[in-house]
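A.B. asks: Got a structure for you, questions after.
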Amino acid sequence: MTMTDTTNQAPLLTVRNLRVTAGSNALVKGINFEIFPKEIFALVGESGSGKSLTSLSIMRLLPEALTISHGEINFKDTKLFTLTETQMNTVRGRKIAMIFQEPQTSLNPVQTIGAQLKEVLELHQNIQGNALQAKLVSLLDEVGIPDPEARLKWYPHQLSGGQKQRVMIAMALACEPDLLIADEPTTALDVTIQRQILELLDKLRRDRNLGVLLITHDMGVVSEMADRVAVMQYGEILEQTDCKSFFANPQHEYSQRLINSLPDTKHFIQGEDAETILTVDDLKIWFPKKSGILQKTVGHTKAVDGVSFSVEKGKTLAIVGESGSGKTTTGKAILRLNPIHDGSIKFNGKELVGLSHKQFHPYRRDIQVIFQDPFSSMNPRMTVREIIEEGMVSLGVEPDADKREGKMRALLERVGMLPEHLDRFPHEFSGGQRQRIAIARALAVDPKLIICDEPTSALDVSIRGQVLDLLNDLQKETGVSLLFITHDLSIIPHLAHNVAVMKNGVIVEQGTTQDVMESPQHPYTQALLQAVPKIQTV
Amino acid sequence: MILPVVLWSDILIFALAIAVGLFVWQVRKNPLAKARWRTVFENKVGVTSFVIILFYVLISLVDSLHFREPLPQLEGENASDKVAYSSEVKSVLDLVLVNLEEGAETTYSAPFALYSFAKENMTAEDGTVYRDFPRLENGGSHLADEADHLWDIFGKSIQAILVGLIIGFIPVALHMWLRKRAGNTEDYIPWNVAYGTFIALVVISTWILMVSEYYHILGTDKVGQDVLYQSIKAIRTGVLIGTLATLVTLPIAIVLGISAGYFKGWVDDTVQFIYTTLSSIPGILLIAASVLLIDVYIETNPEAFNLTILRSDFKFIALCAILGLISWTTLCRLLRAETLKVSQLDYVQAAHAFGVSHSGVIRKHILPNVTHIILISVVLDFSAFVLAEAVLSYIGVGVDPNMHSWGNMINAARSELSRDPSVWWSVTSAFILMFTLVLAANLFSDEVRNAFDPRTAKGN
């Protein structure tokens with residue numbers, strides 16, 4: 001993007017030597033930065049780096065347990081820390097506005113979006129009657145909501161995620177602030193929607209002369225959007241420079257790691273032909289819609305509507321799609337966690353559909369799963385030993401207790417953990433470590449196929465790469481096949497031999513990764529590929 | 001020879017005590033559970049409330065050893081003849097509290113009073129009838145000079161406290177010596193706090209026992225019975241109604257609630273139907289109807305209840321059962337909702353993917369993750385049942401009036417408090433003992449919950 005000339009302008013926001021502490025523990029350790037009008041300043045870091053605390057300090061909305069122990073924040077000429085709470089209220093919303101990660105939870109579900117927008121306007125600006133209505137329509141129009149007049153009467157649940165985020169932006173802009181704080185504004189959105197929201201933000205800051213503090217962990221977004229970048233780690237700013245020179249020549253070792261953590265999209269993994277292990281043919285997963293007292297089935301919600309694909313031995317098939325495309329539902333159906341309406345699933349040539357609970361039991365050993373959220377996929381009340389052991393015991397792998405113990409220890413070491421960790425509880429580990437434990441748990445029963453349901457999307461970028469490498473290595477060692485469900489196209493070349501692109505319950509395109517990524521046929525695949533934020537190579 | 005009497009509630013309370021004992025023994029073998037319970041006892045509040053609860057339980061256990069004394073032989077009877085027993089059933093606790101039980105007055109008297117609370121007609125030496133507060137028959141009757149009243153109380157208290165300290169220190173010193181000799185290295189219990197609570201309880205008990213020989217510490221009630229004696233006897237009722245009624249609710253609520261949330265479908269529909277129906281009938285109505293049924297049963301089978309205490313005991317157990325049977329709905333609802341939530345979590349899905357059986361999933365994944373709800377509701381229910389007993393006594397469907405209970409005492413306070421000057425000691429006494437029990441139970445459950453929630457657990 002274009003560079004803004006910052007030399008002869010007064011900064012909009014100045015943060016000087018800001019320290020935030022929780023007790024004796026410093027969480028933000030004396031950081032400095034400025035934001036100029038019309039500029040997008042990106043604050044980059046992984047979870048726990050203190051970037052969100054910084055933004056909350058600017059709004060003076062820190063949780064009570066945390067205190068600002070040092071430093072000052074100036075908005076234009078106002079020292080924010082010297083204002084009373086009432087004065088600060090006039091700054092919040094009117095001068096500095098904020099949008100959050102989750103548009104779903106930021107809107108009140110029982111009020112129409114019109115009422116909510118109106119409330120903001122009435123609170124901060126003295127507009128009434130027809131002028132108010134016109135202003136509301138123009139606001140929604142500005143953030144790109146089609147048919148704004150009708151939409152004003154809608155409730156949040158009637159809007160899509162992207163539209164909700166647009167409404168949030170409209171609310172933030174309603175009082176014409178000078179500075180917009182966007183805290184991970186697109187993390188919860190699909191790539192194609194993310195692209196639209198980012199374009200909107202970029203347009204708005206030009207039209208409105210808006211300074212934007214963009215908080216994100218996604219280096220692709222930074223590269224496309226930001227004018228200047230600051231990298232945060234452990235509460236300190238490691239490097240602060242303009243975007244172009246940052247990506248061309250990152251100074252700090254951590255910045256280099258962040259940039260390199262973006263997977264290489266140019267090299268594809270190759271594999272020879274192998275026999276198929278899993279064949280899914282015309283799979284339909286329909287959830288019945290019921291109505292009336294007798295709960296008669298009146299129709300179906302077609303979550304998955306006739307998909308066919310196959311996974312080869314020792315290879316990886318990636319199913320790509322946005323939220324609601326039915327990819328997770330497909331994965332769960334193979335595991336028999338979802339009812340199947342119609343179709344066939346063959347594992348090693350044997351039909352799985354129609355088997356009873358008992359008949360399916362032996363196949364549980366062969367087909368395993370790794371879930372997206374490493375925090376909810378392990379029972380918090382069980383030790384790592386109990387967690388890994390559970391499947392081995394119930395599926396009769398290694399009935400001998402000593403051998404089982406030995407295998408668990410070896411497995412933990414293989415996934416990069418220590419055998420001593422067996423007696424710890426999941427909450428003592430970070431997200432990446434938990435995901436390693438989850439991988440060990442799946443491998444413990446020697447499966448032939450592992451369904452990985454977005455295993456890396458809840459992880460920080462630098463850890464994501466490590467977990468993917470681990471999966472790759474394990475596949476090479478054990479010859480396990482992977483069915484990799486993801487929304488993140490960037491990791492696919494590095495990982496998958498074949499790709500199937502899903503949309504609205506059907507597969508729109510499938511083939512080898514190289515074919516699909518380099519010459520996508522279907523317009524949806526093309527749009528998806530284009531929407532992924534990329535680092536501009538100089 | 002005395003004749004032991006075994007009541008159903010006695011059997012239950014000892015069975016419960018043995019069950020708790022077995023549970024503790026089981027816990028000691030499991031290192032993980034041991035470590036968790038350990039954190040409860042590492043905490044000062046945990047230890048203090050545990051000692052207090054233990055003291056209450058001990059009192060109710062001692063109060064659950066019943067017997068009948070033989071009546072003195074009539075003239076002309078032979079020693080070899082069949083011994084007749086008193087129809088009054090006593091407990092071992094009565095032997096301990098003999099000072100409080102005996103020495104009744106004729107009516108109300110204030111704490112530590114020398115004179116009765118109500119005026120009476122009395123005849124003077126010269127034969128004239130006058131109206132004044134009569135001197136109590138037992139309270140302070142040893143005093144030669146009434147001016148010494150306060151000094152006497154003070155002196156007796158000091159004496160009692162000193163004796164209490166000595167009695168308290170002996171086991172503490174012994175235990176300290178044993179600990180030293182054993183050289184136990186992994187001592188995590190804050191023993192000083194435990195000792196402190198123990199000594200405080202011993203001192204209070206000694207003081208009560210010694211001073212009650214001369215005074216009515218918390219006054220007397222309408223018929224001149226010692227109020228403190230009644231409130232101490234009521235401990236057994238309180239502890240039992242709380243635990244028994246809770247114990248009845250638990251299995252119903254847990255089984256129905258978890259199956260409804262886990263299996264969904266028609267199981268869920270049925271369970272929901274049962275509890276909505278049950279909870280739409282007013283609870284008081286159900287209790288009143290059932291209590292009346294029990295009364296009728298007792299009336300028609302008089303031969304089975306030839307002692308008053310048998311009647312009141314039967315009625316009491318029936319009341320616990322009824323209270324339990326109508327109170328499981330709230331817990332059931334909570335458990336169903338929580339199970340619905342938990343069973344959607346990935347780790348339950350993962351267990352399904354590992355082919356773990358339904359019972360295995362419920363036992364290992366669902367139950368441990370809803371335990372906090374069960375624990376909290378057990379304690380809340382415990383306190384609620386102790387209080388419910390008071391409410392039920394008020395409308396006349398509570399425990400038998402012959403049975404000592406805080407509810408009956410509070411119920412009596414209705415008329416006592418409306419007197420002028422009011423009779424406040426009866427309700428205060430019941431309140432203090434009830435409050436101590438409920439508070440200790442609440443604090444202890446808090447510590448248990450903290451220890452068992454891995455997110456708040458320290459160490460490990």
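Going by the structure tokens order, chains are called A, B, ..., each with residues numbered from 1, while ligands are numbered from 1 in the order shown.
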Show which residues sit within 12 Å of range 26-32 of chain A, as a ChimeraX atom specification. Count only C-alpha atoms, and ignore same-chain residues fewer than 5 positions away.
C.D. replies: /A:13-21,43,48-57,65-74,230-240
A.B. asks: So which residues of range 96-309 of chain B fall under helix (DSSP H, G or I) by DSSP, listed as a short mmCIF file (atom, residue, chain, number, x, y, z; two decimals) with C-alpha atoms, in the first residue's frame?
C.D. replies:
```
data_model
loop_
_atom_site.label_atom_id
_atom_site.label_comp_id
_atom_site.auth_asym_id
_atom_site.auth_seq_id
_atom_site.Cartn_x
_atom_site.Cartn_y
_atom_site.Cartn_z
CA VAL B 96 -22.72 -35.93 79.36
CA VAL B 98 -26.77 -34.33 82.77
CA ASN B 99 -26.21 -30.91 84.37
CA LEU B 100 -28.24 -29.23 81.66
CA GLU B 101 -30.98 -31.74 81.44
CA GLU B 146 -27.06 -12.58 95.55
CA ALA B 147 -24.65 -9.65 95.35
CA ASP B 148 -21.96 -12.17 94.44
CA HIS B 149 -23.85 -13.14 91.28
CA LEU B 150 -21.58 -11.56 88.69
CA TRP B 151 -18.39 -12.39 90.55
CA ASP B 152 -19.54 -15.92 90.91
CA ILE B 153 -20.19 -16.28 87.17
CA PHE B 154 -16.81 -14.74 86.48
CA GLY B 155 -15.00 -16.95 88.95
CA LYS B 156 -16.70 -20.12 87.74
CA SER B 157 -15.96 -19.20 84.12
CA ILE B 158 -12.28 -18.61 84.80
CA GLN B 159 -12.10 -21.88 86.62
CA ALA B 160 -13.90 -23.69 83.79
CA ILE B 161 -11.72 -22.11 81.12
CA LEU B 162 -8.56 -23.12 82.95
CA VAL B 163 -9.79 -26.68 83.28
CA GLY B 164 -10.82 -26.62 79.61
CA LEU B 165 -7.35 -25.39 78.58
CA ILE B 166 -5.72 -28.17 80.54
CA ILE B 167 -8.01 -30.81 79.07
CA GLY B 168 -7.51 -29.39 75.61
CA PHE B 169 -3.74 -29.19 75.87
CA ILE B 170 -3.19 -32.76 76.95
CA PRO B 171 -4.20 -34.41 73.62
CA VAL B 172 -2.57 -31.58 71.68
CA ALA B 173 0.71 -32.03 73.52
CA LEU B 174 0.48 -35.78 73.09
CA HIS B 175 -0.13 -35.42 69.38
CA MET B 176 2.71 -32.94 69.00
CA TRP B 177 5.03 -35.37 70.75
CA LEU B 178 3.90 -38.23 68.54
CA ARG B 179 4.45 -36.12 65.47
CA LYS B 180 7.91 -35.18 66.60
CA ARG B 181 8.79 -38.76 67.34
CA ALA B 182 7.48 -39.95 63.98
CA TRP B 191 -1.55 -28.08 62.76
CA ASN B 192 -1.46 -24.93 64.87
CA VAL B 193 -4.80 -23.85 63.42
CA ALA B 194 -6.27 -27.29 64.00
CA TYR B 195 -4.97 -27.26 67.59
CA GLY B 196 -6.37 -23.78 68.11
CA THR B 197 -9.84 -24.77 66.90
CA PHE B 198 -9.73 -27.97 68.90
CA ILE B 199 -8.74 -26.20 72.12
CA ALA B 200 -11.37 -23.51 71.56
CA LEU B 201 -14.06 -26.18 71.15
CA VAL B 202 -12.85 -28.08 74.23
CA VAL B 203 -12.78 -24.88 76.30
CA ILE B 204 -16.30 -23.93 75.22
CA SER B 205 -17.59 -27.44 75.97
CA THR B 206 -15.95 -27.56 79.39
CA TRP B 207 -17.24 -24.11 80.21
CA ILE B 208 -20.77 -25.12 79.23
CA LEU B 209 -20.60 -28.35 81.21
CA MET B 210 -19.12 -26.79 84.34
CA VAL B 211 -21.06 -23.55 84.49
CA VAL B 227 -32.54 -23.97 76.19
CA LEU B 228 -28.92 -24.86 75.62
CA TYR B 229 -29.69 -28.52 76.24
CA GLN B 230 -32.40 -28.42 73.62
CA SER B 231 -30.24 -26.71 71.02
CA ILE B 232 -27.44 -29.21 71.56
CA LYS B 233 -29.88 -32.11 71.25
CA ALA B 234 -31.17 -30.48 68.07
CA ILE B 235 -27.72 -30.84 66.44
CA ARG B 236 -28.45 -34.49 65.65
CA THR B 237 -31.72 -33.55 63.99
CA GLY B 238 -30.08 -30.79 61.97
CA VAL B 239 -27.11 -32.84 60.82
CA LEU B 240 -29.32 -35.80 59.96
CA ILE B 241 -32.03 -33.94 58.09
CA GLY B 242 -29.37 -32.11 56.06
CA THR B 243 -27.39 -35.21 55.12
CA LEU B 244 -30.21 -37.72 54.74
CA ALA B 245 -32.45 -35.53 52.61
CA THR B 246 -29.48 -34.54 50.43
CA LEU B 247 -28.52 -38.18 50.10
CA VAL B 248 -31.98 -39.01 48.84
CA THR B 249 -31.90 -36.22 46.22
CA LEU B 250 -28.43 -37.02 44.87
CA PRO B 251 -28.91 -40.38 43.15
CA ILE B 252 -32.21 -39.34 41.57
CA ALA B 253 -30.92 -36.00 40.38
CA ILE B 254 -27.60 -37.36 39.10
CA VAL B 255 -28.99 -40.38 37.27
CA LEU B 256 -31.94 -38.59 35.70
CA GLY B 257 -30.14 -35.30 35.00
CA ILE B 258 -27.10 -36.83 33.35
CA SER B 259 -29.06 -39.38 31.32
CA ALA B 260 -31.39 -36.65 30.07
CA GLY B 261 -28.51 -34.45 28.99
CA TYR B 262 -26.40 -37.25 27.59
CA PHE B 263 -28.84 -39.50 25.74
CA GLY B 265 -34.25 -37.85 22.64
CA TRP B 266 -37.05 -39.68 24.42
CA VAL B 267 -35.02 -40.09 27.64
CA ASP B 268 -34.71 -36.33 27.84
CA ASP B 269 -38.41 -35.85 27.08
CA THR B 270 -39.44 -38.27 29.82
CA VAL B 271 -37.17 -36.80 32.46
CA GLN B 272 -38.21 -33.29 31.59
CA PHE B 273 -41.86 -34.32 31.81
CA ILE B 274 -41.34 -35.82 35.25
CA TYR B 275 -39.58 -32.85 36.73
CA THR B 276 -41.80 -30.19 35.22
CA THR B 277 -44.83 -32.04 36.56
CA LEU B 278 -43.26 -32.47 39.97
CA SER B 279 -42.05 -28.92 40.27
CA SER B 280 -45.40 -27.49 39.21
CA GLY B 283 -43.77 -28.58 47.53
CA ILE B 284 -45.47 -27.69 50.82
CA LEU B 285 -48.66 -29.32 49.61
CA LEU B 286 -46.86 -32.57 48.82
CA ILE B 287 -45.06 -32.57 52.14
CA ALA B 288 -48.22 -31.81 54.10
CA ALA B 289 -50.12 -34.57 52.31
CA SER B 290 -47.35 -37.11 52.85
CA VAL B 291 -46.91 -36.18 56.50
CA LEU B 292 -50.62 -36.65 57.07
CA LEU B 293 -50.42 -40.06 55.39
CA ILE B 294 -47.61 -41.03 57.73
CA ASP B 295 -49.59 -39.85 60.73
CA VAL B 296 -52.45 -42.06 59.65
CA TYR B 297 -50.07 -44.96 59.19
CA ILE B 298 -48.72 -44.49 62.71
CA GLU B 299 -52.24 -44.27 64.11
CA THR B 300 -53.33 -47.49 62.45
CA PRO B 302 -49.83 -48.39 67.14
CA GLU B 303 -48.21 -51.68 68.13
CA ALA B 304 -45.15 -50.92 66.00
CA THR B 308 -42.78 -41.93 71.59
CA ILE B 309 -39.26 -41.85 70.26
#
```
A.B. asks: Each residue of chain B lying at most 10 Å from chain A should get a row with its shortest atom-to-atom pair and the distance in Å to one decimal, counting only C-alpha atoms; could you produce that, ordered by chain and increasing number, as JSON lines?
C.D. replies:
```
{"residue": "B:Leu32", "atom": "CA", "partner": "A:Thr383", "partner_atom": "CA", "distance": 9.3}
{"residue": "B:Val342", "atom": "CA", "partner": "A:Ser376", "partner_atom": "CA", "distance": 9.7}
{"residue": "B:Gln344", "atom": "CA", "partner": "A:Ser376", "partner_atom": "CA", "distance": 9.9}
{"residue": "B:Leu345", "atom": "CA", "partner": "A:Ser376", "partner_atom": "CA", "distance": 6.2}
{"residue": "B:Asp346", "atom": "CA", "partner": "A:Ser377", "partner_atom": "CA", "distance": 4.3}
{"residue": "B:Tyr347", "atom": "CA", "partner": "A:Ser377", "partner_atom": "CA", "distance": 4.1}
{"residue": "B:Val348", "atom": "CA", "partner": "A:Ser377", "partner_atom": "CA", "distance": 7.7}
{"residue": "B:Gln349", "atom": "CA", "partner": "A:Leu337", "partner_atom": "CA", "distance": 7.2}
{"residue": "B:Ala350", "atom": "CA", "partner": "A:Ser377", "partner_atom": "CA", "distance": 7.0}
{"residue": "B:Ala351", "atom": "CA", "partner": "A:Gly391", "partner_atom": "CA", "distance": 7.2}
{"residue": "B:His352", "atom": "CA", "partner": "A:Leu337", "partner_atom": "CA", "distance": 7.5}
{"residue": "B:Ala353", "atom": "CA", "partner": "A:Arg364", "partner_atom": "CA", "distance": 6.1}
{"residue": "B:Phe354", "atom": "CA", "partner": "A:Gly391", "partner_atom": "CA", "distance": 4.8}
{"residue": "B:Gly355", "atom": "CA", "partner": "A:His361", "partner_atom": "CA", "distance": 6.0}
{"residue": "B:Val356", "atom": "CA", "partner": "A:Ser394", "partner_atom": "CA", "distance": 5.6}
{"residue": "B:Ser357", "atom": "CA", "partner": "A:Ser394", "partner_atom": "CA", "distance": 8.0}
{"residue": "B:Gly360", "atom": "CA", "partner": "A:Ser394", "partner_atom": "CA", "distance": 9.1}
{"residue": "B:Lys364", "atom": "CA", "partner": "A:Met382", "partner_atom": "CA", "distance": 8.5}
{"residue": "B:His365", "atom": "CA", "partner": "A:Asn379", "partner_atom": "CA", "distance": 6.6}
{"residue": "B:Ile366", "atom": "CA", "partner": "A:Asn379", "partner_atom": "CA", "distance": 9.3}
{"residue": "B:Pro368", "atom": "CA", "partner": "A:Arg381", "partner_atom": "CA", "distance": 6.9}
{"residue": "B:Asn369", "atom": "CA", "partner": "A:Arg381", "partner_atom": "CA", "distance": 7.2}
{"residue": "B:Phe452", "atom": "CA", "partner": "A:Arg381", "partner_atom": "CA", "distance": 8.4}
{"residue": "B:Asp453", "atom": "CA", "partner": "A:Arg381", "partner_atom": "CA", "distance": 7.8}
{"residue": "B:Pro454", "atom": "CA", "partner": "A:Arg381", "partner_atom": "CA", "distance": 6.5}
{"residue": "B:Arg455", "atom": "CA", "partner": "A:His427", "partner_atom": "CA", "distance": 7.1}
{"residue": "B:Asn460", "atom": "CA", "partner": "A:Arg424", "partner_atom": "CA", "distance": 7.7}
```
A.B. asks: Show me, as a PyMOL selection string, the residues that have an atom within 10 Å of Val480 in chain A when counting only C-alpha atoms, minus same-chain residues fewer than 5 positions from it.
C.D. replies: chain A and resi 312-316+366+443+446-450+471-472+474-475
A.B. asks: Write the residues you've just listed into a file as a PDB file, in the first residue's frame, and include C-alpha atoms for each of them.
C.D. replies:
```
ATOM      1  CA  GLU A 312      -4.534 -42.479  -0.442  1.00  0.00           C
ATOM      2  CA  LYS A 313      -2.318 -44.469   1.855  1.00  0.00           C
ATOM      3  CA  GLY A 314       0.398 -42.370   3.458  1.00  0.00           C
ATOM      4  CA  LYS A 315      -0.845 -39.200   1.805  1.00  0.00           C
ATOM      5  CA  THR A 316      -2.761 -36.139   2.814  1.00  0.00           C
ATOM      6  CA  ASP A 366      -7.917 -47.186  12.465  1.00  0.00           C
ATOM      7  CA  LEU A 443      -1.201 -41.868  17.446  1.00  0.00           C
ATOM      8  CA  ASP A 446      -1.771 -46.806  15.748  1.00  0.00           C
ATOM      9  CA  PRO A 447      -4.408 -45.386  13.412  1.00  0.00           C
ATOM     10  CA  LYS A 448      -4.194 -45.686   9.658  1.00  0.00           C
ATOM     11  CA  LEU A 449      -6.068 -42.453   9.051  1.00  0.00           C
ATOM     12  CA  ILE A 450      -6.172 -39.309  11.147  1.00  0.00           C
ATOM     13  CA  LEU A 471       2.496 -33.904  11.355  1.00  0.00           C
ATOM     14  CA  ASN A 472       4.532 -34.103   8.157  1.00  0.00           C
ATOM     15  CA  LEU A 474       5.001 -38.369  11.551  1.00  0.00           C
ATOM     16  CA  GLN A 475       3.358 -39.129   8.244  1.00  0.00           C
TER      17      GLN A 475
END
```
A.B. asks: Interatomic distance between CA of Gly465 in chain A and CA of Ile485 in chain A?
C.D. replies: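 Rounded to one decimal, the two atoms are 16.1 Å apart.
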A.B. asks: Please identify all polymer residues within 7 Å of Val191 in chain A, counting only C-alpha atoms, omitting same-chain residues fewer than 5 positions from it, and present them as a count of residues only.
C.D. replies: 3
A.B. asks: So what do you get for CA of Val91 in chain A versus CA of Gln111 in chain A, distance-wise?
C.D. replies: 25.1 Å
A.B. asks: For Thr513 in chain A, which residue out of A:Asn338, A:Asp402, A:Val320, A:Thr216 is the nearest one, using only C-alpha atoms?
C.D. replies: A:Val320
A.B. asks: Please extract the residues of range 74-167 of chain B with a backbone DSSP assignment of strand (DSSP E or B) and present them as a PyMOL selection string.
C.D. replies: chain B and resi 85-91+109+115+120-123+129-132+135
A.B. asks: Take the residues that were just selected and, keeping C-alpha atoms, output them as a short mmCIF file (atom, residue, chain, number, x, y, z; two decimals), in the first residue's frame.
C.D. replies:
```cif
data_model
loop_
_atom_site.label_atom_id
_atom_site.label_comp_id
_atom_site.auth_asym_id
_atom_site.auth_seq_id
_atom_site.Cartn_x
_atom_site.Cartn_y
_atom_site.Cartn_z
CA TYR B 85 -37.46 -50.35 81.69
CA SER B 86 -38.24 -46.69 81.65
CA SER B 87 -40.28 -45.57 78.69
CA GLU B 88 -37.97 -42.63 78.36
CA VAL B 89 -35.19 -43.28 75.87
CA LYS B 90 -31.93 -41.55 76.63
CA SER B 91 -28.75 -41.17 74.67
CA SER B 109 -35.85 -17.61 82.78
CA TYR B 115 -35.14 -15.10 89.23
CA GLU B 120 -46.06 -15.60 90.38
CA ASN B 121 -48.32 -15.48 93.37
CA MET B 122 -46.32 -16.32 96.42
CA THR B 123 -47.11 -16.52 100.11
CA VAL B 129 -50.06 -13.37 99.26
CA TYR B 130 -47.94 -11.18 97.02
CA ARG B 131 -46.89 -11.22 93.38
CA ASP B 132 -43.25 -11.13 92.37
CA ARG B 135 -36.26 -17.26 92.85
#
```
A.B. asks: Please determine, counting only C-alpha atoms, which residue among B:Ile189, B:Val386, B:Ala124, B:Val27 has the shortest atom-to-atom distance to Glu42 in chain B.
C.D. replies: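 Nearest to Glu42 in chain B: B:Ile189.
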A.B. asks: If we count only C-alpha atoms, what is near Ala440 in chain B at a cut-off of 9 Å, once residues fewer than 3 positions away on the same chain are taken out, given as a PDB file with C-alpha atoms, in the first residue's frame?
C.D. replies:
```pdb
ATOM      1  CA  VAL B  45     -10.145 -22.093  56.635  1.00  0.00           C
ATOM      2  CA  GLY B  46     -10.497 -25.662  55.403  1.00  0.00           C
ATOM      3  CA  THR B  48     -10.968 -24.904  60.915  1.00  0.00           C
ATOM      4  CA  SER B  49     -14.303 -25.618  59.269  1.00  0.00           C
ATOM      5  CA  PHE B  50     -13.458 -29.309  59.061  1.00  0.00           C
ATOM      6  CA  ILE B  52     -15.999 -27.712  63.565  1.00  0.00           C
ATOM      7  CA  ILE B  53     -18.012 -30.003  61.290  1.00  0.00           C
ATOM      8  CA  PHE B 435     -25.335 -20.631  61.878  1.00  0.00           C
ATOM      9  CA  THR B 436     -22.054 -22.202  62.981  1.00  0.00           C
ATOM     10  CA  LEU B 437     -22.932 -25.469  61.260  1.00  0.00           C
ATOM     11  CA  LEU B 443     -16.655 -22.623  53.911  1.00  0.00           C
ATOM     12  CA  PHE B 444     -15.561 -26.230  53.724  1.00  0.00           C
ATOM     13  CA  SER B 445     -17.395 -26.806  50.466  1.00  0.00           C
TER      14      SER B 445
END
```
A.B. asks: For Phe36 in chain A, list every protein, DNA or RNA residue within 9 Å, evaluated using only C-alpha atoms, and leave out those in the same chain fewer than 5 positions away; present the list as a VMD selection string.
C.D. replies: chain A and resid 4 6 9 to 14 41 210 to 212
A.B. asks: Write a file of the selected residues as a PDB file, in the first residue's frame, keeping N, CA and C atoms.
C.D. replies:
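Full text of part_15.pdb as output:
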```pdb
ATOM      1  N   THR A   4       2.378   6.818   3.824  1.00  0.00           N
ATOM      2  CA  THR A   4       1.897   8.141   4.195  1.00  0.00           C
ATOM      3  C   THR A   4       3.097   8.979   4.621  1.00  0.00           C
ATOM      4  N   THR A   6       4.799  11.103   6.927  1.00  0.00           N
ATOM      5  CA  THR A   6       4.546  11.374   8.334  1.00  0.00           C
ATOM      6  C   THR A   6       5.447  12.460   8.898  1.00  0.00           C
ATOM      7  N   GLN A   9       3.692  16.052   9.962  1.00  0.00           N
ATOM      8  CA  GLN A   9       2.385  16.060  10.584  1.00  0.00           C
ATOM      9  C   GLN A   9       2.529  15.882  12.087  1.00  0.00           C
ATOM     10  N   ALA A  10       1.581  16.438  12.831  1.00  0.00           N
ATOM     11  CA  ALA A  10       1.588  16.204  14.268  1.00  0.00           C
ATOM     12  C   ALA A  10       0.967  14.842  14.530  1.00  0.00           C
ATOM     13  N   PRO A  11       1.528  14.070  15.436  1.00  0.00           N
ATOM     14  CA  PRO A  11       0.951  12.752  15.687  1.00  0.00           C
ATOM     15  C   PRO A  11      -0.427  12.859  16.328  1.00  0.00           C
ATOM     16  N   LEU A  12      -1.286  11.872  15.982  1.00  0.00           N
ATOM     17  CA  LEU A  12      -2.634  11.823  16.537  1.00  0.00           C
ATOM     18  C   LEU A  12      -2.578  11.279  17.959  1.00  0.00           C
ATOM     19  N   LEU A  13      -1.796  10.226  18.077  1.00  0.00           N
ATOM     20  CA  LEU A  13      -1.694   9.569  19.376  1.00  0.00           C
ATOM     21  C   LEU A  13      -0.231   9.316  19.690  1.00  0.00           C
ATOM     22  N   THR A  14       0.172   9.657  20.902  1.00  0.00           N
ATOM     23  CA  THR A  14       1.539   9.393  21.314  1.00  0.00           C
ATOM     24  C   THR A  14       1.510   8.532  22.565  1.00  0.00           C
ATOM     25  N   PHE A  41      -1.320   1.865  11.575  1.00  0.00           N
ATOM     26  CA  PHE A  41      -0.180   1.434  12.365  1.00  0.00           C
ATOM     27  C   PHE A  41      -0.492   0.047  12.892  1.00  0.00           C
ATOM     28  N   LEU A 210      -8.547   9.055   8.806  1.00  0.00           N
ATOM     29  CA  LEU A 210      -8.621   8.328  10.063  1.00  0.00           C
ATOM     30  C   LEU A 210      -7.269   7.693  10.382  1.00  0.00           C
ATOM     31  N   GLY A 211      -6.850   7.801  11.635  1.00  0.00           N
ATOM     32  CA  GLY A 211      -5.687   7.021  12.071  1.00  0.00           C
ATOM     33  C   GLY A 211      -6.191   5.670  12.535  1.00  0.00           C
ATOM     34  N   VAL A 212      -5.506   4.601  12.152  1.00  0.00           N
ATOM     35  CA  VAL A 212      -5.969   3.275  12.557  1.00  0.00           C
ATOM     36  C   VAL A 212      -4.864   2.542  13.297  1.00  0.00           C
TER      37      VAL A 212
END
```
A.B. asks: Excluding range 156-172 of chain A and its own-chain neighbours fewer than 2 positions away, which residues fall within 8 Å of it when counting only C-alpha atoms? Please give them as a PyMOL selection string.
C.D. replies: chain A and resi 93+97-99+103-104+106-109+111-113+117+120+139-140+142-145+154+174-177+180+185+189+193-194+197
A.B. asks: Using CA of Ile432 in chain B and CA of Thr39 in chain B as the two end points, give the distance in Å to one decimal.
C.D. replies: 29.0 Å
A.B. asks: Of the residues A:Ala318, A:Leu418, A:Pro493, A:Ser519, which is the one nearest to Asp453 in chain A, using only C-alpha atoms?
C.D. replies: A:Ala318
